[in-house]
>>> print(open('coords24.txt').read())   # compact mmCIF, C-alpha atoms
# COMPACT_ATOMS: atom_id res chain seq x y z
CA LEU J 1 -7.57 -21.41 -9.38
CA SER J 2 -7.64 -23.14 -6.02
CA GLY J 3 -6.43 -22.70 -2.48
CA THR J 4 -7.28 -23.25 1.16
CA VAL J 5 -8.75 -20.38 3.15
CA GLN J 6 -8.66 -20.31 6.94
CA VAL J 7 -11.08 -18.06 8.80
CA VAL J 8 -10.55 -17.41 12.51
CA GLY J 9 -13.52 -16.73 14.79
CA ALA J 10 -16.44 -18.29 16.60
CA GLY J 11 -19.84 -19.18 15.11
CA LEU J 12 -18.60 -20.37 11.72
CA GLU J 13 -20.42 -23.72 11.72
CA GLY J 14 -22.91 -22.40 9.13
CA LEU J 15 -20.23 -21.01 6.79
CA THR J 16 -21.38 -20.74 3.17
CA VAL J 17 -19.46 -19.84 0.01
CA GLU J 18 -20.66 -17.97 -3.10
CA GLY J 19 -18.65 -17.41 -6.27
CA ALA J 20 -16.42 -20.49 -5.99
CA ALA J 21 -16.67 -24.24 -5.47
CA ALA J 22 -16.03 -25.20 -1.83
CA ASP J 23 -14.64 -28.53 -0.66
CA GLY J 24 -13.57 -29.86 2.71
CA LEU J 25 -15.38 -27.27 4.84
CA ALA J 26 -14.38 -27.91 8.45
CA ALA J 27 -15.46 -25.63 11.30
CA ASN J 28 -14.69 -25.78 15.01
CA ALA J 29 -14.81 -23.41 18.01
CA ALA J 30 -11.70 -21.53 16.82
CA GLY J 31 -12.55 -21.06 13.14
CA ALA J 32 -13.04 -22.74 9.80
CA SER J 33 -11.01 -24.05 6.88
CA VAL J 34 -12.31 -24.49 3.34
CA SER J 35 -10.73 -25.27 -0.03
CA LEU J 36 -11.94 -22.91 -2.77
CA SER J 37 -11.65 -23.36 -6.51
CA ALA J 38 -12.93 -21.31 -9.43
CA GLU J 39 -12.68 -21.40 -13.21
CA ALA J 40 -11.75 -17.72 -13.49
CA GLN J 41 -10.32 -14.87 -11.44
CA GLY J 42 -12.87 -13.12 -9.28
CA ARG J 43 -14.33 -12.84 -5.81
CA ALA J 44 -15.71 -15.49 -3.52
CA VAL J 45 -17.87 -14.45 -0.57
CA LEU J 46 -17.74 -16.42 2.68
CA SER J 47 -20.77 -15.88 4.94
CA ALA J 48 -21.72 -17.01 8.43
CA GLY J 49 -24.81 -15.58 10.09
CA ASP J 50 -24.96 -11.82 9.47
CA SER J 51 -21.25 -11.54 8.62
CA SER J 52 -19.51 -11.94 5.28
CA VAL J 53 -16.06 -11.39 3.80
CA GLY J 54 -14.83 -11.27 0.21
CA VAL J 55 -11.82 -13.29 -0.89
CA ALA J 56 -10.08 -12.45 -4.18
CA LEU J 57 -9.19 -15.48 -6.29
CA TYR J 58 -6.43 -14.75 -8.80
CA THR J 59 -3.29 -16.03 -10.46
CA ALA J 60 -1.86 -12.56 -11.14
CA PRO J 61 -3.12 -9.00 -10.62
CA ASP J 62 -4.31 -7.04 -13.68
CA ARG J 63 -2.97 -3.75 -12.38
CA LEU J 64 -1.14 -2.15 -9.49
CA THR J 65 -1.66 1.12 -7.64
CA VAL J 66 0.37 2.89 -4.97
CA GLU J 67 -1.56 4.07 -1.91
CA PRO J 68 -1.65 6.80 -0.95
CA GLU J 69 -1.39 8.26 -4.44
CA PHE J 70 -0.11 11.53 -2.92
CA THR J 71 1.10 12.32 0.57
CA ILE J 72 3.42 14.52 2.60
CA ALA J 73 6.31 13.65 4.93
CA ARG J 74 8.21 16.11 7.12
CA VAL J 75 11.94 16.33 7.79
CA GLY J 76 12.80 16.41 11.49
CA GLY J 77 15.08 15.54 14.34
CA GLY J 78 18.70 16.58 14.39
CA SER J 79 18.30 18.52 17.65
CA ASP J 80 16.84 18.12 21.12
CA VAL J 81 14.28 20.90 20.63
CA GLY J 82 12.83 20.54 17.13
CA PRO J 83 9.94 18.32 16.06
CA ALA J 84 10.64 14.72 15.07
CA ALA J 85 10.48 13.59 11.45
CA VAL J 86 7.05 12.57 10.12
CA PRO J 87 7.40 9.46 7.90
CA ALA J 88 5.09 8.24 5.14
CA LEU J 89 3.94 4.66 4.54
CA PHE J 90 3.07 3.37 1.07
CA SER J 91 1.31 0.18 -0.03
CA ALA J 92 1.41 -1.57 -3.39
CA VAL J 93 -2.20 -2.62 -4.03
CA GLY J 94 -3.12 -5.27 -6.58
CA TRP J 95 -6.38 -5.16 -8.55
CA LEU J 96 -8.40 -7.42 -10.84
CA ASN J 97 -10.26 -5.67 -13.66
CA GLY J 98 -13.59 -7.28 -12.73
CA PRO J 99 -16.30 -8.79 -14.95
CA ASP J 100 -16.25 -5.96 -17.53
CA GLY J 101 -12.52 -6.51 -18.18
CA ALA J 102 -11.79 -2.77 -18.00
CA ALA J 103 -9.40 -1.19 -15.50
CA GLY J 104 -10.56 1.58 -13.19
CA THR J 105 -14.30 0.83 -13.24
CA GLY J 106 -16.71 0.18 -10.39
CA ASP J 107 -16.59 -3.61 -10.68
CA ASP J 108 -12.81 -3.88 -10.14
CA ILE J 109 -11.77 -6.28 -7.38
CA ARG J 110 -9.23 -5.09 -4.83
CA ILE J 111 -6.79 -7.90 -4.09
CA GLY J 112 -5.01 -6.01 -1.33
CA SER J 113 -1.42 -5.16 -0.44
CA LEU J 114 1.31 -7.03 -2.30
CA SER J 115 5.01 -7.38 -1.58
CA ALA J 116 6.84 -4.95 -3.85
CA GLU J 117 10.23 -3.59 -4.81
CA TRP J 118 10.26 0.11 -3.88
CA THR J 119 12.30 2.96 -5.38
CA THR J 120 12.41 6.76 -5.19
CA THR J 121 13.27 9.13 -8.03
CA ASP J 122 13.18 12.87 -8.55
CA ALA J 123 9.63 13.89 -9.50
CA ASN J 124 10.57 16.56 -12.04
CA GLU J 125 13.39 18.60 -13.57
CA THR J 126 13.67 20.95 -10.60
CA ALA J 127 13.83 18.03 -8.16
CA ALA J 128 16.56 16.46 -10.31
CA MET J 129 18.55 19.71 -10.33
CA MET J 130 18.30 19.85 -6.52
CA GLN J 131 19.05 16.10 -6.20
CA ASP J 132 15.96 15.58 -4.02
CA ALA J 133 16.02 11.77 -4.23
CA ALA J 134 19.56 11.69 -2.87
CA TYR J 135 18.86 13.93 0.14
CA ALA J 136 15.16 13.90 1.14
CA GLY J 137 15.20 10.54 2.95
CA THR J 138 15.15 6.78 2.50
CA LEU J 139 12.50 4.29 1.41
CA ASP J 140 12.72 0.75 2.77
CA GLN J 141 11.34 -2.38 1.10
CA SER J 142 8.21 -2.36 3.28
CA GLY J 143 7.17 0.97 1.71
CA LEU J 144 8.13 3.13 4.71
CA PHE J 145 9.72 6.46 3.78
CA MET J 146 11.81 8.01 6.55
CA PRO J 147 12.61 11.69 5.93
CA ALA J 148 16.12 13.03 6.39
CA VAL J 149 17.20 15.22 9.27
CA ALA J 150 15.96 18.83 9.41
CA GLY J 151 18.04 21.95 8.93
CA PRO J 152 20.36 23.37 6.29
CA ASN J 153 22.45 20.83 4.39
CA THR J 154 25.77 22.21 3.13
CA GLU J 155 26.08 19.32 0.64
CA ARG J 156 22.99 20.45 -1.25
CA PRO J 157 22.77 23.24 -3.80
CA PHE J 158 22.28 26.58 -1.98
CA SER J 159 22.75 24.71 1.37
CA THR J 160 19.01 24.18 1.38
CA ASN J 161 17.21 21.82 3.75
CA ASN J 162 16.40 18.19 2.92
CA ALA J 163 12.93 18.84 1.50
CA GLY J 164 12.08 17.20 -1.81
CA ASP J 165 9.57 16.32 -4.52
CA LEU J 166 9.71 12.57 -5.16
CA THR J 167 8.11 9.86 -7.26
CA ILE J 168 7.61 6.64 -5.28
CA THR J 169 7.51 3.55 -7.50
CA ALA J 170 6.41 0.00 -6.65
CA LYS J 171 7.12 -3.05 -8.82
CA ALA J 172 5.25 -6.30 -8.16
CA GLY J 173 4.12 -9.22 -10.30
CA GLY J 174 5.58 -7.71 -13.46
CA LEU J 175 3.56 -4.52 -12.93
CA GLU J 176 4.64 -1.03 -11.93
CA ALA J 177 2.82 1.91 -10.32
CA SER J 178 3.85 5.27 -8.88
CA GLY J 179 2.74 7.78 -6.28
CA ARG J 180 3.92 11.25 -5.34
CA LEU J 181 5.61 12.35 -2.11
CA ILE J 182 6.39 15.88 -1.00
CA VAL J 183 8.98 15.98 1.77
CA THR J 184 8.54 19.32 3.46
CA VAL J 185 9.80 21.22 6.50
CA GLN J 186 8.79 20.75 10.11
CA ARG J 187 5.54 21.99 11.59
CA PHE J 188 6.48 24.31 14.45
CA ILE J 189 2.98 25.56 15.24
CA ASP J 190 0.55 22.75 15.99
CA PRO J 191 -2.96 24.24 16.20
CA PRO J 192 -5.51 22.39 18.36
CA LEU J 193 -7.75 21.86 15.32
CA ARG J 194 -6.44 20.83 11.91
>>> encode(input="coords24.txt", output="structure tokens")
Amino acid sequence: LSGTVQVVGAGLEGLTVEGAAADGLAANAAGASVSLSAEAQGRAVLSAGDSSVGVALYTAPDRLTVEPEFTIARVGGGSDVGPAAVPALFSAVGWLNGPDGAAGTGDDIRIGSLSAEWTTTDANETAAMMQDAAYAGTLDQSGLFMPAVAGPNTERPFSTNNAGDLTITAKAGGLEASGRLIVTVQRFIDPPLR
């Protein structure tokens, strides 16, 4: 594993690296550049003075999660007087299993957000019967879910609103993970404290 890391900021002349071999360290007033290499996936720590940052070194993530795992969006808009829609933003987060090799333990290494292919599906049998995925809103390829317009929808069973119970799925690096989204109605009373 190898790659060049660029760090932006002042005071990086004393930059040190732990957890990986470092070559070609060059620092100036604007930042530093260093080539890192390691024999295995893991974390390298770059330090300068009292500050440090971890850098994940990997060829492929071991697992993927969707964050948030559960959230709520609200339908909205469609009139000049009602509240606007409240969207939801999802991230596909890559992880390394860490030194113990087991997923979901305290030594796992968070790689961070990865580009993903996003899809929505009905979360359960009731959602499928109501065709929630077709009416509740749209999910773009950045992970942003935009709820549909508020109010009764004559195209839906029972002319119900565009609320829904959805499974949000991300696919990245040959891995797949899902989260849950409830698309609910507008909030008409906004208390001062929530």
>>> closest_residue(input="coords24.txt", among="J:Gly31, J:Gly94, J:Gly3, J:Gly101", to="Glu67 of chain J", atoms="all atoms listed in the file")
J:Gly94
>>> residues_around(input="coords24.txt", residues="segment 126-131 of chain J", least_positions_apart="4", cutoff="12 Å", atoms="only C-alpha atoms", output="PyMOL selection string")
chain J and resi 120-122+135-137+153+155-167+181-183
>>> atom_distance(input="coords24.txt", atom1="atom CA of Ala40 of chain J", atom2="atom CA of Val5 of chain J")
17.1 Å
>>> axis_aligned_box(input="coords24.txt", around="segment 68-75 of chain J", padding_each_side="6 Å", output="JSON")
{"center_x": 5.1, "center_y": 11.6, "center_z": 1.7, "size_x": 25.6, "size_y": 21.5, "size_z": 24.2}
>>> closest_residue(input="coords24.txt", among="J:Ala22, J:Ala172, J:Val34, J:Ala102", to="Ser115 of chain J", atoms="only C-alpha atoms")
J:Ala172
>>> residues_around(input="coords24.txt", residues="Val93 of chain J", least_positions_apart="4", cutoff="10 Å", atoms="all atoms listed in the file", output="ChimeraX atom specification")
/J:61,63-68,110-116,170,172,177
>>> atom_distance(input="coords24.txt", atom1="atom CA of Ala21 of chain J", atom2="atom CA of Asn97 of chain J")
21.3 Å
>>> atom_distance(input="coords24.txt", atom1="atom CA of Pro191 of chain J", atom2="atom CA of Gly179 of chain J")
28.4 Å
>>> residues_around(input="coords24.txt", residues="Leu57 of chain J", least_positions_apart="5", cutoff="10 Å", atoms="all atoms listed in the file", output="list in words")
Leu1, Ser2, Gly3, Gly19, Ala20, Leu36, Ser37, Ala38, Glu39, Ala40, Gln41, Gly42, Arg43, Ala44, Leu96, Ile109 and Ile111 of chain J
>>> write_last_selection(input="coords24.txt", atoms="C-alpha atoms", output="PDB file, keeping the file's coordinate frame")
ATOM      1  CA  LEU J   1      -7.570 -21.410  -9.380  1.00  0.00           C
ATOM      2  CA  SER J   2      -7.640 -23.140  -6.020  1.00  0.00           C
ATOM      3  CA  GLY J   3      -6.430 -22.700  -2.480  1.00  0.00           C
ATOM      4  CA  GLY J  19     -18.650 -17.410  -6.270  1.00  0.00           C
ATOM      5  CA  ALA J  20     -16.420 -20.490  -5.990  1.00  0.00           C
ATOM      6  CA  LEU J  36     -11.940 -22.910  -2.770  1.00  0.00           C
ATOM      7  CA  SER J  37     -11.650 -23.360  -6.510  1.00  0.00           C
ATOM      8  CA  ALA J  38     -12.930 -21.310  -9.430  1.00  0.00           C
ATOM      9  CA  GLU J  39     -12.680 -21.400 -13.210  1.00  0.00           C
ATOM     10  CA  ALA J  40     -11.750 -17.720 -13.490  1.00  0.00           C
ATOM     11  CA  GLN J  41     -10.320 -14.870 -11.440  1.00  0.00           C
ATOM     12  CA  GLY J  42     -12.870 -13.120  -9.280  1.00  0.00           C
ATOM     13  CA  ARG J  43     -14.330 -12.840  -5.810  1.00  0.00           C
ATOM     14  CA  ALA J  44     -15.710 -15.490  -3.520  1.00  0.00           C
ATOM     15  CA  LEU J  96      -8.400  -7.420 -10.840  1.00  0.00           C
ATOM     16  CA  ILE J 109     -11.770  -6.280  -7.380  1.00  0.00           C
ATOM     17  CA  ILE J 111      -6.790  -7.900  -4.090  1.00  0.00           C
TER      18      ILE J 111
END
>>> residues_around(input="coords24.txt", residues="Ala27 of chain J", least_positions_apart="3", cutoff="10 Å", atoms="only C-alpha atoms", output="ChimeraX atom specification")
/J:6-15,24,30-34
>>> closest_residue(input="coords24.txt", among="J:Leu175, J:Leu193, J:Ala134, J:Val81", to="Ala150 of chain J", atoms="all atoms listed in the file")
J:Val81
